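K.L.:
Quick one, data_1.cif (mmCIF, C-alpha atoms):
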```cif
data_final
#
loop_
_atom_site.label_atom_id
_atom_site.label_comp_id
_atom_site.auth_asym_id
_atom_site.auth_seq_id
_atom_site.Cartn_x
_atom_site.Cartn_y
_atom_site.Cartn_z
CA MET A 219 124.04 39.25 189.53
CA GLY A 220 125.08 42.56 187.86
CA LEU A 221 128.46 43.17 186.24
CA SER A 222 130.76 45.79 187.72
CA TRP A 223 131.87 48.82 185.70
CA SER A 224 135.43 47.46 185.52
CA SER A 225 134.16 44.13 184.17
CA LEU A 226 132.11 45.87 181.45
CA SER A 227 135.12 47.97 180.47
CA SER A 228 137.26 44.86 180.23
CA ILE A 229 134.70 43.17 177.95
CA ARG A 230 134.51 46.25 175.69
CA LEU A 231 138.32 46.37 175.36
CA SER A 232 138.49 42.66 174.54
CA TRP A 233 135.79 42.98 171.86
CA SER A 234 137.49 46.05 170.40
CA ALA A 235 140.82 44.20 170.13
CA LEU A 236 139.10 41.19 168.55
CA SER A 237 137.23 43.34 166.01
CA SER A 238 140.37 45.26 165.10
CA SER A 239 142.33 42.04 164.65
CA PHE A 240 139.61 40.54 162.44
CA PHE A 241 139.23 43.52 160.11
CA TRP A 242 142.95 44.23 159.73
CA GLY A 243 143.63 40.55 159.08
CA HIS A 244 140.80 40.38 156.53
CA SER A 245 142.07 43.47 154.70
CA LEU A 246 145.64 42.16 154.42
CA SER A 247 144.61 38.68 153.35
CA SER A 248 142.24 40.12 150.71
CA SER A 249 145.08 42.05 149.10
CA SER A 250 147.22 38.93 148.84
CA PRO A 251 147.14 37.17 145.41
CA SER A 252 146.84 33.77 147.11
CA SER A 253 143.97 34.75 149.39
CA SER A 254 140.72 32.82 149.08
CA ALA A 255 138.90 36.01 150.06
CA SER A 256 140.16 37.97 147.05
CA VAL A 257 137.81 39.64 144.58
CA PRO A 258 136.56 37.30 141.80
CA SER A 259 138.79 37.32 138.72
CA ASP A 260 136.05 38.57 136.40
CA GLU A 261 135.92 41.79 138.42
CA SER A 262 139.58 42.41 139.27
CA SER A 263 141.81 40.82 136.64
CA VAL A 264 140.13 42.11 133.47
CA PRO A 265 141.31 45.69 132.80
CA CYS A 266 138.87 48.24 131.45
CA TYR A 267 140.28 50.22 128.52
CA LYS A 268 138.80 53.42 127.14
CA TYR A 269 140.65 52.96 123.84
CA ASP A 270 141.68 49.83 121.98
CA VAL A 271 144.50 51.52 120.05
CA PHE A 272 146.65 54.60 120.62
CA LEU A 273 148.44 55.83 117.50
CA SER A 274 151.86 57.45 118.02
CA PHE A 275 153.25 59.06 114.86
CA ARG A 276 155.15 61.95 113.29
CA GLY A 277 152.45 64.00 111.61
CA GLU A 278 154.41 65.49 108.72
CA ASP A 279 155.54 62.02 107.60
CA THR A 280 152.38 60.00 107.98
CA ARG A 281 149.20 61.94 108.79
CA LYS A 282 147.90 62.14 105.22
CA GLY A 283 149.05 58.66 104.23
CA ILE A 284 149.41 55.58 106.40
CA ILE A 285 147.82 57.15 109.50
CA PHE A 286 144.78 58.34 107.55
CA ASN A 287 144.27 54.91 106.00
CA LEU A 288 144.97 52.96 109.18
CA TYR A 289 142.67 55.10 111.31
CA TYR A 290 139.90 54.84 108.71
CA GLU A 291 140.14 51.03 108.50
CA LEU A 292 140.25 50.63 112.28
CA GLN A 293 137.12 52.75 112.62
CA LYS A 294 135.50 50.84 109.78
CA ALA A 295 136.03 47.59 111.73
CA GLY A 296 133.21 48.84 113.96
CA ARG A 297 134.36 47.77 117.41
CA ILE A 298 137.86 49.29 117.54
CA LYS A 299 138.07 52.60 119.38
CA THR A 300 141.22 54.45 118.33
CA PHE A 301 142.93 57.49 119.84
CA LYS A 302 144.67 59.71 117.29
CA ASP A 303 146.14 62.97 118.53
CA ASP A 304 145.70 65.48 115.70
CA GLU A 305 146.37 68.62 117.65
CA GLY A 306 149.93 67.99 118.81
CA LEU A 307 151.70 70.51 121.02
CA GLU A 308 153.21 73.91 120.46
CA ILE A 309 156.99 74.20 120.76
CA GLY A 310 158.07 74.28 124.38
CA MET A 311 154.92 72.68 125.77
CA SER A 312 155.05 69.43 127.73
CA ILE A 313 152.90 66.37 127.15
CA SER A 314 149.43 67.05 128.50
CA SER A 315 147.90 65.03 131.32
CA ASN A 316 145.02 64.13 128.98
CA LEU A 317 147.42 62.53 126.52
CA LEU A 318 149.20 60.60 129.27
CA ARG A 319 145.83 59.37 130.47
CA ALA A 320 144.92 58.27 126.94
CA ILE A 321 148.13 56.19 126.78
CA GLU A 322 147.39 54.58 130.14
CA GLU A 323 143.80 53.82 129.13
CA SER A 324 144.72 52.17 125.81
CA ARG A 325 144.88 48.42 125.25
CA LEU A 326 147.53 48.67 122.50
CA VAL A 327 149.88 51.33 121.14
CA ILE A 328 150.98 51.35 117.51
CA VAL A 329 154.19 53.38 117.17
CA VAL A 330 154.68 54.44 113.56
CA LEU A 331 158.44 54.93 113.25
CA SER A 332 158.92 57.02 110.12
CA PRO A 333 162.12 58.71 108.82
CA ASN A 334 161.49 61.99 110.70
CA TYR A 335 160.05 60.46 113.88
CA ALA A 336 163.17 61.14 115.98
CA SER A 337 163.45 64.75 114.81
CA SER A 338 160.44 65.55 117.01
CA LYS A 339 161.07 66.07 120.73
CA TRP A 340 157.32 65.55 121.14
CA CYS A 341 157.45 62.05 119.59
CA LEU A 342 160.46 61.03 121.67
CA GLU A 343 158.86 62.20 124.91
CA GLU A 344 155.64 60.40 123.99
CA LEU A 345 157.60 57.22 123.30
CA VAL A 346 159.30 57.44 126.72
CA ASN A 347 155.90 57.72 128.40
CA ILE A 348 154.52 54.82 126.36
CA PHE A 349 157.29 52.56 127.67
CA ARG A 350 156.78 53.88 131.17
CA CYS A 351 153.15 52.77 131.07
CA MET A 352 153.35 49.60 128.99
CA GLU A 353 156.81 48.05 128.95
CA GLY A 354 156.80 44.28 129.38
CA LYS A 355 153.06 43.95 128.72
CA ASP A 356 153.18 43.03 124.99
CA ARG A 357 151.09 46.09 124.19
CA ILE A 358 153.63 48.17 122.22
CA LEU A 359 153.48 47.43 118.48
CA PRO A 360 156.08 49.16 116.27
CA LEU A 361 155.46 49.85 112.59
CA PHE A 362 158.76 50.50 110.81
CA TYR A 363 157.51 52.82 108.10
CA ASN A 364 160.15 53.22 105.39
CA VAL A 365 162.91 52.79 107.98
CA ASP A 366 165.22 49.90 108.86
CA PRO A 367 164.54 48.54 112.37
CA SER A 368 168.30 48.37 112.98
CA ASP A 369 168.57 52.12 112.26
CA VAL A 370 166.01 52.75 114.98
CA ARG A 371 167.67 50.30 117.37
CA ASN A 372 171.19 51.67 116.84
CA GLN A 373 170.24 55.29 116.01
CA ARG A 374 171.70 55.29 112.54
CA GLY A 375 170.53 57.02 109.35
CA SER A 376 167.89 59.71 109.88
CA PHE A 377 167.56 58.66 113.53
CA GLY A 378 171.28 59.23 114.15
CA VAL A 379 171.18 62.63 112.41
CA ALA A 380 168.14 63.75 114.42
CA LEU A 381 169.66 62.76 117.76
CA SER A 382 172.95 64.46 116.93
CA GLU A 383 171.02 67.69 116.40
CA HIS A 384 169.12 67.21 119.66
CA GLU A 385 172.39 66.81 121.57
CA GLU A 386 173.13 70.49 121.00
CA LYS A 387 169.93 71.50 122.80
CA TYR A 388 169.05 68.91 125.43
CA PRO A 389 170.81 67.59 128.58
CA TYR A 390 172.76 64.34 128.65
CA GLN A 391 170.20 62.49 130.80
CA VAL A 392 167.36 63.37 128.41
CA MET A 393 169.40 62.18 125.43
CA LYS A 394 170.35 58.98 127.25
CA GLN A 395 166.68 58.23 127.92
CA TRP A 396 165.66 58.90 124.31
CA ARG A 397 168.45 56.69 122.94
CA MET A 398 167.62 53.89 125.37
CA THR A 399 163.92 54.01 124.48
CA LEU A 400 164.60 53.98 120.73
CA GLY A 401 166.86 50.99 121.32
CA LYS A 402 164.00 49.19 123.07
CA VAL A 403 161.33 49.92 120.46
CA GLY A 404 163.74 49.01 117.66
CA SER A 405 164.23 45.61 119.27
CA LEU A 406 160.52 44.74 119.37
CA SER A 407 158.78 42.62 116.75
CA GLY A 408 156.57 44.67 114.49
CA TRP A 409 155.58 45.43 110.93
CA ASP A 410 158.20 46.43 108.36
CA THR A 411 156.94 48.13 105.19
CA ARG A 412 159.66 46.37 103.19
CA ASN A 413 157.89 43.06 103.78
CA PHE A 414 154.63 44.14 102.11
CA ARG A 415 153.76 44.57 98.45
CA SER A 416 151.51 47.56 99.14
CA GLU A 417 150.37 49.85 101.91
CA ARG A 418 146.89 48.45 101.56
CA GLU A 419 148.16 44.95 102.35
CA LEU A 420 150.04 46.32 105.36
CA VAL A 421 147.01 48.15 106.76
CA LYS A 422 144.83 45.07 106.26
CA GLN A 423 147.22 42.91 108.27
CA ILE A 424 147.48 45.45 111.10
CA VAL A 425 143.68 45.75 111.38
CA GLU A 426 143.28 41.97 111.39
CA PHE A 427 145.88 41.66 114.15
CA VAL A 428 144.24 44.36 116.29
CA CYS A 429 140.80 42.77 115.86
CA SER A 430 142.24 39.44 117.03
CA LYS A 431 143.46 41.10 120.23
CA VAL A 432 140.28 43.01 121.07
CA PRO A 433 137.52 40.89 122.62
CA GLU A 434 134.07 41.20 121.10
CA VAL A 435 132.27 42.71 124.07
CA LEU A 436 129.76 45.49 124.39
CA ARG A 437 131.51 48.72 125.36
CA PRO A 438 129.80 51.19 127.72
CA VAL A 439 128.67 54.26 125.79
CA ALA A 440 130.84 57.25 126.69
CA ILE A 441 129.17 60.61 127.37
CA GLU A 442 130.54 62.16 124.18
CA ASP A 443 129.29 59.16 122.14
CA GLU A 444 125.90 59.42 123.80
CA GLU A 445 125.56 62.97 122.55
CA LEU A 446 126.21 61.77 118.99
CA ILE A 447 123.54 59.07 119.30
CA ARG A 448 120.97 61.69 120.28
#
```
Please express the file's structure as C-alpha cells.
P.N.:
Amino acid sequence: MGLSWSSLSSIRLSWSALSSSFFWGHSLSSSSPSSSASVPSDESSVPCYKYDVFLSFRGEDTRKGIIFNLYYELQKAGRIKTFKDDEGLEIGMSISSNLLRAIEESRLVIVVLSPNYASSKWCLEELVNIFRCMEGKDRILPLFYNVDPSDVRNQRGSFGVALSEHEEKYPYQVMKQWRMTLGKVGSLSGWDTRNFRSERELVKQIVEFVCSKVPEVLRPVAIEDEELIR
C-alpha cells in the first residue's frame, strides 16, 4: 500500500527535527568540559607555542649586557626558542600586531625590570599587554635588574620619577593602568640581582629554570627555519 504525499511530508519533518536535535545536542555537549564526547586531552589541552620565551626589556639599560648574555645562553641550550624584539618602535607608534601575537604565542615571558624600564612608554604598554594575555597563568617571570622589587611595586625611586614625568603627557586612565600593572609585576616572585654573586650565576639559574619548564619535544620546523636548513 503506497504512502500519501502528506504522510511522506510528515515523515520528512519528523526526521529533520530528530537530526537537528541530535546535532545541536552533540555540539553543545562536546563543548562542555564534563562531556564524554569531548576531544582527547592530548589534542585539546596541550597548547602549542611558537616561542618558549619572550624577552621584555629596556634596550638602553640591558641590550648589550644581561639581555645579550641571556639570549645567547638560551639559544645555546638548543631547544629554547626565544623572541627578542631588537627593532623597537618609533616615537608615537603603537605596539604592532606581530608583537602582540608573539606575546600570545610564547610559553613564558621574562620581564627585565631595569632602572629606566618605566621611562619608556613602549615598555609600559608592552607590560600591560603581557598581563592581558598571561595574568594568572604563572607564565610571567620578573627579573629585578639592579632595582628593588618594592620600588617597582610601589613606584618609588627611578620608577616613581619616570611615572611623574609621564603624568604630564598621558591621561589619567593610562597612568592608572601603568601603575596598577607595575604593582602586579612587582608583587610576583622572580630573580633579584642582589641575590647573586655574578651576572653569570644569575643567567645560569634563569636558563636552568626555563629548561625545566619546557618539555623536551620535537618542534615543527617553521618556514623561516626551513630556509636556513637548506
K.L.:
To one decimal in Å, tell me the separation between atom CA of A:Lys302 and atom CA of A:Phe377.
P.N.:
23.2 Å
K.L.:
Please provide the set of residues having any atom within 9 Å of A:Gly378, restricted to only C-alpha atoms, with same-chain residues fewer than 5 positions apart removed, written as a list in words.
P.N.:
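Listing them by chain and then by number gives Ala336, Asp369, Val370, Asn372, Gln373 and Glu383 of chain A.
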K.L.:
For the atom pair atom CA of A:Lys268 and atom CA of A:Glu343, what is the interatomic distance in Å to one decimal place?
P.N.:
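Atom-to-atom, atom CA of A:Lys268 and atom CA of A:Glu343 are spaced 22.0 Å apart.
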K.L.:
Would you mind reading off the distance between atom CA of A:Phe362 and atom CA of A:Glu385, one decimal, in Å?
P.N.:
23.8 Å
K.L.:
Taking a cut-off of 9 Å and counting all atoms listed in the file, can you build a table that, for each residue of stretch 270-355 of chain A near stretch 414-437 of chain A, reports the nearest atom pair and how far apart they are in Å (one decimal), sorted by chain then residue number, as JSON lines?
P.N.:
```
{"residue": "A:Asp270", "atom": "CA", "partner": "A:Val432", "partner_atom": "CA", "distance": 7.0}
{"residue": "A:Val271", "atom": "CA", "partner": "A:Val428", "partner_atom": "CA", "distance": 8.1}
{"residue": "A:Ile284", "atom": "CA", "partner": "A:Glu417", "partner_atom": "CA", "distance": 7.3}
{"residue": "A:Asn287", "atom": "CA", "partner": "A:Val421", "partner_atom": "CA", "distance": 7.3}
{"residue": "A:Leu288", "atom": "CA", "partner": "A:Val421", "partner_atom": "CA", "distance": 5.8}
{"residue": "A:Glu291", "atom": "CA", "partner": "A:Val425", "partner_atom": "CA", "distance": 7.0}
{"residue": "A:Leu292", "atom": "CA", "partner": "A:Val425", "partner_atom": "CA", "distance": 6.0}
{"residue": "A:Ala295", "atom": "CA", "partner": "A:Val425", "partner_atom": "CA", "distance": 7.9}
{"residue": "A:Arg297", "atom": "CA", "partner": "A:Glu434", "partner_atom": "CA", "distance": 7.5}
{"residue": "A:Ile298", "atom": "CA", "partner": "A:Cys429", "partner_atom": "CA", "distance": 7.3}
{"residue": "A:Arg325", "atom": "CA", "partner": "A:Val432", "partner_atom": "CA", "distance": 8.2}
{"residue": "A:Leu326", "atom": "CA", "partner": "A:Val428", "partner_atom": "CA", "distance": 8.2}
```
K.L.:
Using all atoms listed in the file, find all polymer residues with an atom at most 8 Å away from the point (165.0, 65.4, 120.2); report them as a list of chain:residue names.
P.N.:
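Here the neighbourhood of the point contains A:Ala336, A:Ser337, A:Ser338, A:Lys339, A:Trp340, A:Leu342, A:Ala380, A:Leu381, A:Glu383, A:His384, A:Glu385, A:Tyr388, A:Met393, A:Trp396.
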K.L.:
Could you tell me which residues the PyMOL selection byres ((chain A and resi 405-409) around 10) returns for this structure, as a CSV table (one decimal) with C-alpha atoms, in the coordinates of the input?
P.N.:
```csv
chain,number,residue,atom,x,y,z
A,328,ILE,CA,151.0,51.4,117.5
A,329,VAL,CA,154.2,53.4,117.2
A,330,VAL,CA,154.7,54.4,113.6
A,356,ASP,CA,153.2,43.0,125.0
A,358,ILE,CA,153.6,48.2,122.2
A,359,LEU,CA,153.5,47.4,118.5
A,360,PRO,CA,156.1,49.2,116.3
A,361,LEU,CA,155.5,49.8,112.6
A,362,PHE,CA,158.8,50.5,110.8
A,363,TYR,CA,157.5,52.8,108.1
A,367,PRO,CA,164.5,48.5,112.4
A,368,SER,CA,168.3,48.4,113.0
A,370,VAL,CA,166.0,52.8,115.0
A,371,ARG,CA,167.7,50.3,117.4
A,372,ASN,CA,171.2,51.7,116.8
A,399,THR,CA,163.9,54.0,124.5
A,400,LEU,CA,164.6,54.0,120.7
A,401,GLY,CA,166.9,51.0,121.3
A,402,LYS,CA,164.0,49.2,123.1
A,403,VAL,CA,161.3,49.9,120.5
A,404,GLY,CA,163.7,49.0,117.7
A,410,ASP,CA,158.2,46.4,108.4
A,411,THR,CA,156.9,48.1,105.2
A,412,ARG,CA,159.7,46.4,103.2
A,413,ASN,CA,157.9,43.1,103.8
A,414,PHE,CA,154.6,44.1,102.1
A,420,LEU,CA,150.0,46.3,105.4
A,421,VAL,CA,147.0,48.2,106.8
A,423,GLN,CA,147.2,42.9,108.3
A,424,ILE,CA,147.5,45.4,111.1
```
K.L.:
Taking every listed atom of stretch 347-352 of chain A and adding 4 Å to each side, what centre and edge lengths in Å (one decimal) does the axis-aligned box have, as AutoDock Vina command-line options?
P.N.:
```
--center_x 155.2 --center_y 53.7 --center_z 128.8 --size_x 12.1 --size_y 16.1 --size_z 12.8
```
K.L.:
Could stretch 420-431 of chain A be completed with all heavy atoms and returned as a PDB file, in the coordinates of the input?
P.N.:
```pdb
ATOM      1  N   LEU A 420     149.519  46.058 104.017  1.00  0.00           N
ATOM      2  CA  LEU A 420     150.040  46.320 105.360  1.00  0.00           C
ATOM      3  C   LEU A 420     148.927  46.712 106.317  1.00  0.00           C
ATOM      4  O   LEU A 420     148.800  46.152 107.414  1.00  0.00           O
ATOM      5  CB  LEU A 420     151.089  47.438 105.284  1.00  0.00           C
ATOM      6  CG  LEU A 420     151.556  48.049 106.609  1.00  0.00           C
ATOM      7  CD1 LEU A 420     152.289  47.020 107.457  1.00  0.00           C
ATOM      8  CD2 LEU A 420     152.450  49.265 106.341  1.00  0.00           C
ATOM      9  N   VAL A 421     148.108  47.667 105.915  1.00  0.00           N
ATOM     10  CA  VAL A 421     147.010  48.150 106.760  1.00  0.00           C
ATOM     11  C   VAL A 421     146.041  47.008 107.078  1.00  0.00           C
ATOM     12  O   VAL A 421     145.581  46.857 108.218  1.00  0.00           O
ATOM     13  CB  VAL A 421     146.269  49.324 106.082  1.00  0.00           C
ATOM     14  CG1 VAL A 421     144.964  49.648 106.813  1.00  0.00           C
ATOM     15  CG2 VAL A 421     147.173  50.548 106.026  1.00  0.00           C
ATOM     16  N   LYS A 422     145.742  46.199 106.072  1.00  0.00           N
ATOM     17  CA  LYS A 422     144.830  45.070 106.260  1.00  0.00           C
ATOM     18  C   LYS A 422     145.352  44.123 107.334  1.00  0.00           C
ATOM     19  O   LYS A 422     144.600  43.675 108.214  1.00  0.00           O
ATOM     20  CB  LYS A 422     144.646  44.329 104.934  1.00  0.00           C
ATOM     21  CG  LYS A 422     143.658  43.164 104.977  1.00  0.00           C
ATOM     22  CD  LYS A 422     143.444  42.609 103.567  1.00  0.00           C
ATOM     23  CE  LYS A 422     142.427  41.477 103.555  1.00  0.00           C
ATOM     24  NZ  LYS A 422     142.936  40.237 104.131  1.00  0.00           N
ATOM     25  N   GLN A 423     146.655  43.833 107.290  1.00  0.00           N
ATOM     26  CA  GLN A 423     147.220  42.910 108.270  1.00  0.00           C
ATOM     27  C   GLN A 423     147.206  43.509 109.679  1.00  0.00           C
ATOM     28  O   GLN A 423     146.929  42.815 110.662  1.00  0.00           O
ATOM     29  CB  GLN A 423     148.646  42.514 107.888  1.00  0.00           C
ATOM     30  CG  GLN A 423     149.190  41.403 108.784  1.00  0.00           C
ATOM     31  CD  GLN A 423     150.555  40.931 108.373  1.00  0.00           C
ATOM     32  OE1 GLN A 423     151.512  41.121 109.102  1.00  0.00           O
ATOM     33  NE2 GLN A 423     150.649  40.331 107.188  1.00  0.00           N
ATOM     34  N   ILE A 424     147.493  44.796 109.786  1.00  0.00           N
ATOM     35  CA  ILE A 424     147.480  45.450 111.100  1.00  0.00           C
ATOM     36  C   ILE A 424     146.079  45.415 111.700  1.00  0.00           C
ATOM     37  O   ILE A 424     145.894  45.075 112.877  1.00  0.00           O
ATOM     38  CB  ILE A 424     147.965  46.910 110.996  1.00  0.00           C
ATOM     39  CG1 ILE A 424     149.441  46.950 110.589  1.00  0.00           C
ATOM     40  CG2 ILE A 424     147.778  47.636 112.334  1.00  0.00           C
ATOM     41  CD1 ILE A 424     149.968  48.339 110.299  1.00  0.00           C
ATOM     42  N   VAL A 425     145.074  45.739 110.893  1.00  0.00           N
ATOM     43  CA  VAL A 425     143.680  45.750 111.380  1.00  0.00           C
ATOM     44  C   VAL A 425     143.260  44.353 111.813  1.00  0.00           C
ATOM     45  O   VAL A 425     142.616  44.185 112.858  1.00  0.00           O
ATOM     46  CB  VAL A 425     142.731  46.316 110.303  1.00  0.00           C
ATOM     47  CG1 VAL A 425     141.272  46.160 110.741  1.00  0.00           C
ATOM     48  CG2 VAL A 425     143.044  47.786 110.034  1.00  0.00           C
ATOM     49  N   GLU A 426     143.625  43.355 111.030  1.00  0.00           N
ATOM     50  CA  GLU A 426     143.280  41.970 111.390  1.00  0.00           C
ATOM     51  C   GLU A 426     143.933  41.569 112.712  1.00  0.00           C
ATOM     52  O   GLU A 426     143.319  40.913 113.551  1.00  0.00           O
ATOM     53  CB  GLU A 426     143.709  41.013 110.277  1.00  0.00           C
ATOM     54  CG  GLU A 426     142.833  41.097 109.044  1.00  0.00           C
ATOM     55  CD  GLU A 426     143.340  40.225 107.903  1.00  0.00           C
ATOM     56  OE1 GLU A 426     144.469  39.643 108.040  1.00  0.00           O
ATOM     57  OE2 GLU A 426     142.643  40.121 106.873  1.00  0.00           O
ATOM     58  N   PHE A 427     145.179  41.976 112.899  1.00  0.00           N
ATOM     59  CA  PHE A 427     145.880  41.660 114.150  1.00  0.00           C
ATOM     60  C   PHE A 427     145.203  42.335 115.339  1.00  0.00           C
ATOM     61  O   PHE A 427     144.966  41.712 116.376  1.00  0.00           O
ATOM     62  CB  PHE A 427     147.337  42.099 114.054  1.00  0.00           C
ATOM     63  CG  PHE A 427     148.118  41.833 115.313  1.00  0.00           C
ATOM     64  CD1 PHE A 427     148.718  40.599 115.528  1.00  0.00           C
ATOM     65  CD2 PHE A 427     148.246  42.809 116.283  1.00  0.00           C
ATOM     66  CE1 PHE A 427     149.431  40.345 116.692  1.00  0.00           C
ATOM     67  CE2 PHE A 427     148.959  42.563 117.456  1.00  0.00           C
ATOM     68  CZ  PHE A 427     149.545  41.327 117.657  1.00  0.00           C
ATOM     69  N   VAL A 428     144.881  43.617 115.194  1.00  0.00           N
ATOM     70  CA  VAL A 428     144.240  44.360 116.290  1.00  0.00           C
ATOM     71  C   VAL A 428     142.895  43.730 116.636  1.00  0.00           C
ATOM     72  O   VAL A 428     142.573  43.532 117.814  1.00  0.00           O
ATOM     73  CB  VAL A 428     144.065  45.851 115.919  1.00  0.00           C
ATOM     74  CG1 VAL A 428     143.185  46.565 116.942  1.00  0.00           C
ATOM     75  CG2 VAL A 428     145.424  46.536 115.826  1.00  0.00           C
ATOM     76  N   CYS A 429     142.122  43.392 115.617  1.00  0.00           N
ATOM     77  CA  CYS A 429     140.800  42.770 115.860  1.00  0.00           C
ATOM     78  C   CYS A 429     140.944  41.443 116.606  1.00  0.00           C
ATOM     79  O   CYS A 429     140.088  41.093 117.427  1.00  0.00           O
ATOM     80  CB  CYS A 429     140.071  42.553 114.542  1.00  0.00           C
ATOM     81  SG  CYS A 429     139.436  44.065 113.789  1.00  0.00           S
ATOM     82  N   SER A 430     142.035  40.720 116.338  1.00  0.00           N
ATOM     83  CA  SER A 430     142.240  39.440 117.030  1.00  0.00           C
ATOM     84  C   SER A 430     142.582  39.631 118.498  1.00  0.00           C
ATOM     85  O   SER A 430     142.438  38.717 119.307  1.00  0.00           O
ATOM     86  CB  SER A 430     143.351  38.644 116.334  1.00  0.00           C
ATOM     87  OG  SER A 430     144.631  39.192 116.617  1.00  0.00           O
ATOM     88  N   LYS A 431     143.060  40.821 118.856  1.00  0.00           N
ATOM     89  CA  LYS A 431     143.460  41.100 120.230  1.00  0.00           C
ATOM     90  C   LYS A 431     142.371  41.793 121.048  1.00  0.00           C
ATOM     91  O   LYS A 431     142.480  41.905 122.269  1.00  0.00           O
ATOM     92  CB  LYS A 431     144.713  41.988 120.249  1.00  0.00           C
ATOM     93  CG  LYS A 431     145.945  41.338 119.637  1.00  0.00           C
ATOM     94  CD  LYS A 431     146.374  40.125 120.427  1.00  0.00           C
ATOM     95  CE  LYS A 431     147.587  39.442 119.834  1.00  0.00           C
ATOM     96  NZ  LYS A 431     147.965  38.220 120.568  1.00  0.00           N
TER      97      LYS A 431
END
```
